[in-house]
$ cat structure-v9.cif   # mmCIF, C-alpha atoms
data_final
loop_
_atom_site.label_atom_id
_atom_site.label_comp_id
_atom_site.auth_asym_id
_atom_site.auth_seq_id
_atom_site.Cartn_x
_atom_site.Cartn_y
_atom_site.Cartn_z
CA MET A 251 -68.41 28.15 12.04
CA ILE A 252 -70.20 24.81 12.26
CA GLU A 253 -72.83 26.38 14.53
CA ILE A 254 -73.52 29.07 11.92
CA VAL A 255 -73.93 26.43 9.22
CA ILE A 256 -76.29 24.34 11.37
CA GLY A 257 -78.33 27.39 12.32
CA THR A 258 -78.50 28.55 8.71
CA LEU A 259 -79.67 25.20 7.38
CA LEU A 260 -82.30 24.82 10.09
CA GLY A 261 -83.43 28.42 9.55
CA VAL A 262 -83.80 27.92 5.81
CA LEU A 263 -85.94 24.85 6.43
CA LEU A 264 -88.18 26.61 8.96
CA GLY A 265 -88.36 29.82 6.90
CA THR A 266 -89.42 27.81 3.86
CA ILE A 267 -92.22 26.17 5.83
CA SER A 268 -93.50 29.45 7.27
CA GLY A 269 -93.17 31.16 3.91
CA LEU A 270 -95.28 28.54 2.14
CA ILE A 271 -98.19 28.62 4.59
CA PRO A 272 -100.60 31.44 3.63
CA GLY A 273 -101.12 34.02 6.33
CA VAL A 274 -98.36 32.73 8.62
CA HIS A 275 -95.54 35.16 9.38
CA VAL A 276 -92.09 34.19 10.55
CA ASN A 277 -92.84 36.15 13.75
CA THR A 278 -95.22 33.33 14.66
CA LEU A 279 -92.40 30.86 14.19
CA ALA A 280 -90.07 33.04 16.29
CA GLY A 281 -92.57 33.11 19.13
CA THR A 282 -92.82 29.32 19.06
CA LEU A 283 -89.04 28.86 19.11
CA LEU A 284 -88.66 31.41 21.88
CA GLY A 285 -91.14 29.48 23.99
CA ALA A 286 -88.89 26.43 23.71
CA GLN A 287 -85.62 28.32 24.11
CA VAL A 288 -84.51 26.50 27.27
CA LEU A 289 -84.51 23.16 25.47
CA LEU A 290 -83.20 24.58 22.19
CA LEU A 291 -80.31 26.40 23.85
CA ASP A 292 -79.15 23.12 25.35
CA VAL A 293 -79.43 21.30 22.02
CA LEU A 294 -78.24 23.94 19.55
CA GLY A 295 -76.35 26.50 21.59
CA PRO A 296 -76.91 30.28 21.48
CA LEU A 297 -75.13 30.95 18.17
CA ALA A 298 -76.96 28.22 16.25
CA LEU A 299 -80.35 29.19 17.72
CA ALA A 300 -79.87 32.88 16.95
CA GLY A 301 -78.64 31.97 13.47
CA THR A 302 -81.74 29.80 13.00
CA LEU A 303 -84.04 32.69 13.82
CA PHE A 304 -82.32 35.19 11.55
CA ALA A 305 -81.89 32.71 8.69
CA ALA A 306 -85.59 31.85 8.94
CA LEU A 307 -86.47 35.55 8.69
CA ILE A 308 -84.33 36.03 5.58
CA THR A 309 -85.63 32.84 3.95
CA HIS A 310 -89.23 33.82 4.64
CA THR A 311 -88.74 37.08 2.70
CA PHE A 312 -87.87 35.00 -0.37
CA VAL A 313 -90.31 32.10 -0.14
CA GLU A 314 -93.42 34.12 0.82
CA SER A 315 -93.68 35.21 -2.83
CA VAL A 316 -94.90 31.69 -3.72
CA PRO A 317 -98.27 31.70 -1.88
CA SER A 318 -98.61 35.44 -2.54
CA THR A 319 -98.36 34.80 -6.28
CA PHE A 320 -100.33 31.59 -6.70
CA LEU A 321 -102.91 31.97 -3.92
CA GLY A 322 -103.19 35.75 -3.59
CA ILE A 323 -102.96 35.76 0.22
CA PRO A 324 -100.56 38.29 1.79
CA ASP A 325 -98.93 38.60 5.16
CA ALA A 326 -98.01 41.84 6.86
CA ASP A 327 -95.04 42.43 4.56
CA THR A 328 -96.43 41.54 1.14
CA SER A 329 -99.82 43.24 1.14
CA LEU A 330 -99.51 45.36 -2.00
CA SER A 331 -97.00 43.21 -3.87
CA VAL A 332 -99.62 40.43 -3.94
CA LEU A 333 -101.74 42.37 -6.44
CA PRO A 334 -99.34 42.48 -9.43
CA ALA A 335 -97.86 39.05 -8.64
CA HIS A 336 -101.25 37.34 -8.52
CA ALA A 337 -102.32 39.25 -11.64
CA LEU A 338 -99.31 37.84 -13.51
CA CYS A 339 -100.28 34.37 -12.26
CA LEU A 340 -103.77 34.80 -13.69
CA GLU A 341 -102.12 35.64 -17.02
CA GLY A 342 -100.10 32.40 -16.87
CA ASN A 343 -96.87 34.09 -15.74
CA GLY A 344 -96.78 32.96 -12.12
CA GLU A 345 -93.33 31.40 -12.35
CA GLU A 346 -91.94 34.62 -13.80
CA ALA A 347 -93.49 36.62 -10.95
CA VAL A 348 -91.88 34.39 -8.30
CA ARG A 349 -88.50 34.45 -10.03
CA THR A 350 -88.70 38.23 -10.34
CA ALA A 351 -89.43 38.54 -6.63
CA ALA A 352 -86.52 36.23 -5.78
CA LEU A 353 -84.21 38.30 -7.98
CA GLY A 354 -85.26 41.51 -6.21
CA SER A 355 -84.56 39.93 -2.81
CA ALA A 356 -81.17 38.64 -3.97
CA CYS A 357 -80.16 42.07 -5.26
CA ALA A 358 -81.27 43.59 -1.97
CA MET A 359 -78.98 41.26 -0.06
CA VAL A 360 -75.99 42.49 -2.06
CA ILE A 361 -76.82 46.16 -1.43
CA ALA A 362 -78.36 46.00 2.04
CA VAL A 363 -75.51 44.28 3.89
CA PRO A 364 -72.90 47.03 3.36
CA LEU A 365 -75.56 49.74 3.83
CA SER A 366 -76.59 48.17 7.13
CA VAL A 367 -72.99 48.38 8.34
CA LEU A 368 -72.86 52.08 7.40
CA CYS A 369 -76.15 52.73 9.19
CA PHE A 370 -74.84 50.91 12.25
CA LEU A 371 -71.74 53.13 12.33
CA PHE A 372 -73.09 56.57 11.45
CA LEU A 373 -76.85 56.90 12.02
CA PRO A 374 -77.33 56.43 15.80
CA ALA A 375 -76.20 60.02 16.46
CA LEU A 376 -78.97 61.32 14.17
CA GLN A 377 -81.72 59.16 15.64
CA PRO A 378 -83.48 61.97 17.60
CA PHE A 379 -84.12 63.85 14.36
CA PHE A 380 -85.52 60.72 12.70
CA ASP A 381 -87.84 60.02 15.62
CA TRP A 382 -89.30 63.53 15.43
CA GLY A 383 -89.89 63.82 11.69
CA ILE A 384 -91.27 60.47 10.62
CA GLY A 385 -94.95 61.38 11.09
CA ILE A 386 -94.57 64.52 8.96
CA LEU A 387 -92.84 62.51 6.23
CA ILE A 388 -95.66 59.95 6.07
CA ILE A 389 -98.32 62.67 5.93
CA ALA A 390 -96.47 64.31 3.04
CA VAL A 391 -96.21 61.02 1.12
CA ILE A 392 -99.82 59.96 1.58
CA GLY A 393 -101.05 63.51 0.93
CA TYR A 394 -99.28 63.49 -2.42
CA MET A 395 -100.72 60.07 -3.26
CA ILE A 396 -104.28 61.15 -2.44
CA VAL A 397 -104.08 64.45 -4.36
CA MET A 398 -102.67 62.67 -7.43
CA SER A 399 -105.21 59.83 -7.32
CA GLU A 400 -107.95 59.34 -9.89
CA SER A 401 -110.60 60.03 -7.24
CA PRO A 402 -109.21 62.06 -4.30
CA GLY A 403 -112.50 61.91 -2.37
CA TRP A 404 -112.72 58.13 -2.42
CA ALA A 405 -108.97 57.84 -1.79
CA LEU A 406 -109.18 60.03 1.32
CA ALA A 407 -112.26 58.19 2.59
CA ILE A 408 -110.70 54.73 2.14
CA PHE A 409 -107.43 55.86 3.70
CA SER A 410 -109.21 57.42 6.69
CA VAL A 411 -111.56 54.51 7.38
CA SER A 412 -108.82 51.92 7.00
CA GLY A 413 -106.69 54.04 9.34
CA LEU A 414 -109.43 54.00 11.95
CA LEU A 415 -109.77 50.25 11.56
CA GLY A 416 -106.01 49.81 11.93
CA ALA A 417 -105.85 52.00 15.02
CA PHE A 418 -108.81 50.18 16.55
CA THR A 419 -107.27 46.79 15.81
CA LEU A 420 -103.87 47.60 17.29
CA HIS A 421 -105.30 49.40 20.32
CA TYR A 422 -107.53 46.48 21.26
CA ALA A 423 -105.12 43.74 20.17
CA PHE A 424 -105.13 42.40 23.72
CA LEU A 425 -108.68 41.15 23.09
CA GLY A 426 -107.40 38.60 20.60
CA TRP A 427 -105.79 35.26 21.33
CA HIS A 428 -102.06 35.70 20.99
CA THR A 429 -100.49 32.62 22.48
CA ILE A 430 -98.49 32.32 19.23
CA GLY A 431 -96.91 35.36 17.62
CA GLY A 432 -97.80 37.96 20.26
CA GLU A 433 -100.32 40.78 20.00
CA THR A 434 -99.01 41.69 16.53
CA ALA A 435 -100.79 38.55 15.29
CA VAL A 436 -103.86 40.76 14.75
CA LEU A 437 -102.09 42.19 11.69
CA MET A 438 -102.81 38.88 9.99
CA PRO A 439 -106.64 39.23 9.85
CA LEU A 440 -106.37 42.99 9.25
CA LEU A 441 -104.15 42.81 6.18
CA THR A 442 -105.51 39.50 4.93
CA GLY A 443 -109.01 41.00 4.86
CA LEU A 444 -107.90 44.21 3.15
CA PHE A 445 -105.60 42.67 0.55
CA GLY A 446 -106.28 38.93 0.46
CA ILE A 447 -109.83 37.66 0.90
CA SER A 448 -111.35 40.82 -0.60
CA VAL A 449 -109.26 40.22 -3.72
CA LEU A 450 -110.19 36.54 -3.95
CA LEU A 451 -113.89 37.32 -3.64
CA VAL A 452 -113.85 39.43 -6.80
CA ALA A 453 -111.23 37.39 -8.69
CA ALA A 454 -112.00 35.40 -11.81
CA GLN A 455 -113.69 32.14 -10.83
CA GLY A 456 -112.77 29.92 -13.78
CA ALA A 457 -109.92 27.47 -14.07
CA LEU A 458 -106.44 28.85 -13.51
CA PRO A 459 -104.74 29.48 -16.85
CA ALA A 460 -101.86 27.33 -18.00
CA GLN A 461 -98.63 28.48 -16.38
CA HIS A 462 -95.61 28.92 -18.60
CA PHE A 463 -92.19 30.50 -18.20
CA LEU A 464 -90.80 32.53 -21.09
CA GLY A 465 -87.92 34.11 -19.22
CA LEU A 466 -87.71 37.27 -17.13
CA ARG A 467 -89.23 40.06 -19.20
CA VAL A 468 -87.43 42.87 -17.46
CA ASP A 469 -84.24 44.61 -18.62
CA ALA A 470 -81.04 45.00 -16.63
CA LYS A 471 -81.58 48.75 -16.12
CA THR A 472 -84.99 48.16 -14.54
CA ILE A 473 -83.59 45.39 -12.35
CA ALA A 474 -80.83 47.65 -11.04
CA LYS A 475 -83.05 50.72 -10.58
CA SER A 476 -86.00 48.95 -8.98
CA SER A 477 -83.87 46.77 -6.69
CA ALA A 478 -81.85 49.76 -5.51
CA LEU A 479 -84.98 51.84 -4.94
CA GLY A 480 -86.67 49.02 -3.03
CA THR A 481 -83.56 48.38 -0.95
CA LEU A 482 -83.30 52.04 0.04
CA ALA A 483 -87.00 52.06 0.96
CA GLY A 484 -86.56 48.90 3.04
CA ILE A 485 -83.49 50.34 4.77
CA ALA A 486 -85.35 53.56 5.55
CA VAL A 487 -88.48 51.98 7.04
CA GLY A 488 -86.40 49.37 8.84
CA TRP A 489 -84.32 52.00 10.61
CA LEU A 490 -86.98 54.64 11.26
CA PRO A 491 -89.27 54.06 14.24
CA GLY A 492 -92.75 52.62 13.89
CA LEU A 493 -92.53 51.80 10.18
CA SER A 494 -92.64 48.45 8.38
CA THR A 495 -92.17 46.99 4.93
CA ALA A 496 -95.88 47.50 4.33
CA THR A 497 -95.25 51.24 4.67
CA ALA A 498 -92.40 50.98 2.15
CA ASN A 499 -94.72 49.18 -0.27
CA GLY A 500 -97.19 52.04 -0.01
CA ALA A 501 -94.48 54.61 -0.69
CA LEU A 502 -93.12 52.60 -3.63
CA ALA A 503 -96.61 52.44 -5.10
CA SER A 504 -96.58 56.23 -5.41
CA ILE A 505 -93.23 56.13 -7.24
CA ILE A 506 -93.52 53.02 -9.44
CA GLY A 507 -97.17 52.02 -9.30
CA TYR A 508 -98.12 48.37 -9.17
CA GLU A 509 -100.53 48.80 -12.09
CA LYS A 510 -98.13 50.77 -14.30
CA ASP A 511 -95.13 48.42 -14.16
CA ARG A 512 -95.90 45.16 -12.36
CA ARG A 513 -92.48 43.57 -12.71
CA ALA A 514 -90.60 46.66 -11.52
CA TYR A 515 -92.92 46.91 -8.53
CA ILE A 516 -92.43 43.24 -7.62
CA LEU A 517 -88.65 43.75 -7.82
CA ALA A 518 -88.78 46.85 -5.62
CA THR A 519 -91.12 45.47 -2.94
CA SER A 520 -89.27 42.17 -2.68
CA ALA A 521 -86.01 44.07 -2.31
CA ALA A 522 -87.57 46.27 0.38
CA ASN A 523 -88.75 43.22 2.32
CA THR A 524 -85.34 41.54 2.40
CA ALA A 525 -83.47 44.80 3.04
CA ASN A 526 -85.79 45.49 5.96
CA ALA A 527 -84.75 42.20 7.55
CA PHE A 528 -81.03 43.04 7.33
CA ILE A 529 -81.37 46.61 8.61
CA GLY A 530 -83.49 45.31 11.48
CA LEU A 531 -80.43 43.44 12.70
CA ALA A 532 -78.33 46.63 12.58
CA ALA A 533 -81.03 48.56 14.48
CA LEU A 534 -81.06 45.87 17.16
CA PHE A 535 -77.32 46.13 17.79
CA ALA A 536 -76.97 49.90 17.30
CA LEU A 537 -80.14 51.16 19.02
CA SER A 538 -81.40 48.14 21.01
CA ARG A 539 -84.69 48.55 19.12
CA MET A 540 -86.65 45.52 17.93
CA ARG A 541 -88.27 46.10 14.53
CA ASN A 542 -90.06 42.75 14.25
CA GLY A 543 -90.90 39.62 16.20
CA VAL A 544 -87.68 37.87 15.24
CA MET A 545 -85.62 40.74 16.68
CA VAL A 546 -87.69 40.59 19.87
CA ALA A 547 -86.88 36.88 20.11
CA LEU A 548 -83.19 37.50 19.43
CA ALA A 549 -83.07 40.12 22.19
CA GLU A 550 -84.21 37.44 24.65
CA LEU A 551 -81.27 35.18 23.77
CA PRO A 552 -77.55 35.38 24.55
CA LEU A 553 -76.68 37.39 21.43
CA PRO A 554 -73.70 36.44 19.27
CA SER A 555 -71.93 39.16 17.29
CA MET A 556 -73.65 41.10 14.54
CA SER A 557 -71.11 39.84 12.01
CA GLU A 558 -71.86 36.19 12.83
CA LEU A 559 -75.59 36.72 12.33
CA ALA A 560 -74.94 38.67 9.13
CA VAL A 561 -72.98 35.70 7.75
CA ALA A 562 -75.91 33.41 8.58
CA GLY A 563 -78.25 35.85 6.82
CA VAL A 564 -76.14 36.00 3.65
CA LEU A 565 -75.81 32.21 3.49
CA ALA A 566 -79.57 31.89 4.04
CA ALA A 567 -80.29 34.36 1.25
CA CYS A 568 -78.19 32.37 -1.21
CA LEU A 569 -79.92 29.11 -0.29
CA ALA A 570 -83.36 30.74 -0.18
CA TYR A 571 -82.92 32.04 -3.73
CA ILE A 572 -82.23 28.51 -4.96
CA VAL A 573 -85.19 27.12 -2.99
CA THR A 574 -87.58 29.81 -4.28
CA VAL A 575 -86.59 29.33 -7.91
CA GLY A 576 -87.01 25.58 -7.46
CA LEU A 577 -90.48 26.06 -6.00
CA SER A 578 -91.46 28.37 -8.86
CA ARG A 579 -90.90 25.51 -11.31
CA SER A 580 -93.84 23.67 -9.77
CA ALA A 581 -96.19 26.29 -11.25
CA GLY A 582 -97.08 23.98 -14.11
CA ARG A 583 -98.84 21.66 -11.67
CA LEU A 584 -101.51 24.33 -11.21
CA ASN A 585 -102.60 24.12 -14.85
CA GLY A 586 -106.37 23.68 -15.11
CA ILE A 587 -107.07 23.77 -11.36
CA ASN A 588 -110.57 25.07 -10.67
CA GLY A 589 -110.08 28.67 -9.52
CA ARG A 590 -113.41 28.80 -7.68
CA LEU A 591 -112.61 25.75 -5.54
CA LEU A 592 -109.04 26.92 -4.93
CA ASN A 593 -110.17 30.37 -3.80
CA ARG A 594 -112.80 28.89 -1.49
CA ALA A 595 -110.29 26.46 0.00
CA VAL A 596 -107.77 29.25 0.62
CA ILE A 597 -110.42 31.51 2.18
CA LEU A 598 -111.62 28.74 4.50
CA PHE A 599 -108.05 27.92 5.50
CA VAL A 600 -107.21 31.55 6.27
CA VAL A 601 -110.42 32.06 8.26
CA GLY A 602 -109.65 28.95 10.30
CA LEU A 603 -106.06 30.09 10.85
CA CYS A 604 -107.32 33.51 11.90
CA ILE A 605 -109.56 31.95 14.53
CA VAL A 606 -106.73 29.79 15.85
CA LEU A 607 -104.23 32.66 16.07
CA THR A 608 -106.45 35.58 17.15
CA GLY A 609 -109.81 34.18 18.27
CA PRO A 610 -113.21 35.90 17.94
CA PHE A 611 -111.68 39.39 17.98
CA GLY A 612 -109.50 38.52 14.99
CA LEU A 613 -112.51 37.10 13.16
CA VAL A 614 -114.39 40.40 13.66
CA VAL A 615 -111.38 42.32 12.35
CA LEU A 616 -111.16 39.98 9.36
CA ILE A 617 -114.83 40.54 8.47
CA LEU A 618 -114.57 44.33 8.80
CA ALA A 619 -111.31 44.44 6.83
CA THR A 620 -112.76 42.26 4.06
CA ILE A 621 -115.81 44.53 3.70
CA LEU A 622 -113.56 47.60 3.54
CA GLY A 623 -111.23 45.82 1.12
CA LEU A 624 -114.10 45.46 -1.36
CA VAL A 625 -114.67 49.24 -1.52
CA PRO A 626 -111.71 50.09 -3.82
CA HIS A 627 -112.99 47.55 -6.35
CA LEU A 628 -116.52 48.96 -6.23
CA ALA A 629 -115.30 52.58 -6.38
CA ASN A 630 -112.71 51.76 -9.07
CA VAL A 631 -109.76 53.26 -7.17
CA SER A 632 -106.38 51.85 -6.19
CA ARG A 633 -106.24 49.48 -3.23
CA VAL A 634 -103.05 51.18 -2.00
CA TYR A 635 -105.12 53.60 0.10
CA CYS A 636 -106.09 50.71 2.37
CA MET A 637 -102.52 51.08 3.68
CA GLY A 638 -104.00 53.67 6.01
CA ALA A 639 -104.48 50.69 8.32
CA ILE A 640 -100.70 50.76 8.89
CA MET A 641 -99.83 54.38 8.17
CA VAL A 642 -102.35 56.09 10.49
CA PRO A 643 -101.22 54.17 13.60
CA VAL A 644 -97.61 54.98 12.71
CA ILE A 645 -98.45 58.69 12.36
CA LEU A 646 -100.21 58.69 15.73
CA TYR A 647 -97.29 56.87 17.33
CA SER A 648 -94.83 59.35 15.88
CA PHE A 649 -96.74 62.29 17.33
CA GLY A 650 -96.79 60.67 20.75
CA ILE A 651 -100.50 59.87 20.79
CA ALA A 652 -100.52 56.98 23.24
CA TRP A 653 -104.07 55.84 22.37
CA VAL A 654 -102.59 53.53 19.76
#
$ encode --input "structure-v9.cif" --output "structure tokens"
Amino acid sequence: MIEIVIGTLLGVLLGTISGLIPGVHVNTLAGTLLGAQVLLLDVLGPLALAGTLFAALITHTFVESVPSTFLGIPDADTSLSVLPAHALCLEGNGEEAVRTAALGSACAMVIAVPLSVLCFLFLPALQPFFDWGIGILIIAVIGYMIVMSESPGWALAIFSVSGLLGAFTLHYAFLGWHTIGGETAVLMPLLTGLFGISVLLVAAQGALPAQHFLGLRVDAKTIAKSSALGTLAGIAVGWLPGLSTATANGALASIIGYEKDRRAYILATSAANTANAFIGLAALFALSRMRNGVMVALAELPLPSMSELAVAGVLAACLAYIVTVGLSRSAGRLNGINGRLLNRAVILFVVGLCIVLTGPFGLVVLILATILGLVPHLANVSRVYCMGAIMVPVILYSFGIAWV
């Protein structure tokens, strides 16, 4: 038990650090730890090291709402949820946005753990059917979203071009530097350009408004409904092949809409992100499939039992909720900060990080993604259709098109 506690505490610390740095995913951290596994196994032992990795993943899903809200920079899992959270920040409600996200993640932990056990026990036998139908399901969802959009022509064009950019990026990922975080590191410039820098470039350039907390302005019914919906979405994309939380966010946008009900959408997407982390553990043990970089790292270690890692994840979620709420209280320190200087500083930092993690290829992807990310603003359509960058490669993968 002491090894679980040590691993959990260390994971919460590392997950908090990775969650607070804009554009850095916990997969990057996992790759770093895996590179030092020989030393770490001797110092920590296999249970504590595995617990550290999983606790860091869970903690990251909580804490990443802080930079997403106050700086407007997403990672691969928070692309669309950044938009309503940052909008609330610009209205002076940043602390509420972070607390709402933390609440959604906490609710997901309560629902996702027992659901993950059920999936582990009953779904492996049905896996061949899931593998075959996922591409058709995504086409149906995105087709509905495009037809129901305010401008179907622009929506289809943005979805198609972003899909081509996503397929190009993932196919040629080997051209980027990936000494840290693996070839999936190219998702950082791709999604940061589409949903981060492009947003900052057109954001209000004055001083950030005074931040104040007036309580969570969301009723219990919405909390329960949105958290449950987000958890189910996170479970689904975490179990089905080729999907990610970013895909769940796109699907949730068609059901809730991040412009129609910001708080409900933040609840749902945060729940999906945390639920995805828990179901990823079940998929690793039930199917030997790695849904993210942390699971890849865990597969390289002497694995403890699923129940031991689940305990570390639950403990980490409880601590991460407290940490995230505590960090949200620092929102008042942002009062009066010059928005223009802050945006420029964040953009420069992310560009520099992109160069360090992915090299010249990543910089090219970042520039192309930023240009494409400006199109929804100019055409006055939803930015959700930029999710083609993730959905099109998944569709191609599902249909066995090996080009991706």
$ atom_distance --input "structure-v9.cif" --atom1 "CA of Leu534 in chain A" --atom2 "CA of Pro554 in chain A"
12.1 Å
$ residues_around --input "structure-v9.cif" --residues "Gly576 in chain A" --least-positions-apart "3" --cutoff "12 Å" --atoms "all atoms listed in the file" --output "list in words"
Thr266, Phe312, Val313, Val316, Glu345, Val348, Arg349, Ala352, Leu569, Ala570, Tyr571, Ile572, Val573, Arg579, Ser580 and Ala581 of chain A
$ resolve_selection --input "structure-v9.cif" --expression "the PyMOL selection byres ((chain A and resi 423) around 9)" --output "MDAnalysis selection string"
chainID A and resid 418:422 424:428 433:436 608 611:612
$ residues_around --input "structure-v9.cif" --residues "Trp404 in chain A" --least-positions-apart "4" --cutoff "12 Å" --atoms "all atoms listed in the file" --output "tab-separated table (two decimals) with C-alpha atoms, in the frame of the given file"
chain	number	residue	atom	x	y	z
A	396	ILE	CA	-104.28	61.15	-2.44
A	397	VAL	CA	-104.08	64.45	-4.36
A	399	SER	CA	-105.21	59.83	-7.32
A	400	GLU	CA	-107.95	59.34	-9.89
A	408	ILE	CA	-110.70	54.73	2.14
A	409	PHE	CA	-107.43	55.86	3.70
A	410	SER	CA	-109.21	57.42	6.69
A	411	VAL	CA	-111.56	54.51	7.38
A	412	SER	CA	-108.82	51.92	7.00
A	625	VAL	CA	-114.67	49.24	-1.52
A	626	PRO	CA	-111.71	50.09	-3.82
A	627	HIS	CA	-112.99	47.55	-6.35
A	628	LEU	CA	-116.52	48.96	-6.23
A	629	ALA	CA	-115.30	52.58	-6.38
A	630	ASN	CA	-112.71	51.76	-9.07
A	631	VAL	CA	-109.76	53.26	-7.17
A	632	SER	CA	-106.38	51.85	-6.19
A	633	ARG	CA	-106.24	49.48	-3.23
A	634	VAL	CA	-103.05	51.18	-2.00
A	635	TYR	CA	-105.12	53.60	0.10
A	636	CYS	CA	-106.09	50.71	2.37
$ atom_distance --input "structure-v9.cif" --atom1 "CA of Gly301 in chain A" --atom2 "CA of Gly257 in chain A"
4.7 Å
$ closest_residue --input "structure-v9.cif" --among "A:Ala533, A:Ala522, A:Val600, A:Leu548" --to "Ala356 in chain A" --atoms "all atoms listed in the file"
A:Ala522
$ atom_distance --input "structure-v9.cif" --atom1 "CA of Ser477 in chain A" --atom2 "CA of Thr309 in chain A"
17.6 Å
$ closest_residue --input "structure-v9.cif" --among "A:Gly465, A:Gly484, A:Gly265, A:Pro402" --to "Ala347 in chain A" --atoms "only C-alpha atoms"
A:Gly465
$ closest_residue --input "structure-v9.cif" --among "A:Leu502, A:Leu464, A:Met251, A:Ala486" --to "Glu558 in chain A" --atoms "all atoms listed in the file"
A:Met251
$ resolve_selection --input "structure-v9.cif" --expression "the PyMOL selection byres ((chain A and resi 362-379) around 6)" --output "list of chain:residue names"
A:Ala358, A:Met359, A:Val360, A:Ile361, A:Phe380, A:Asp381, A:Trp382, A:Ala525, A:Ile529, A:Ala532, A:Ala536
$ closest_residue --input "structure-v9.cif" --among "A:Leu440, A:Leu565, A:Val391, A:Ala470" --to "Ala306 in chain A" --atoms "all atoms listed in the file"
A:Leu565
$ resolve_selection --input "structure-v9.cif" --expression "the PyMOL selection byres ((chain A and resi 643-648) around 6)" --output "list in words"
Gly385, Ala417, Gly492, Ile640, Met641, Val642, Phe649, Gly650 and Ile651 of chain A
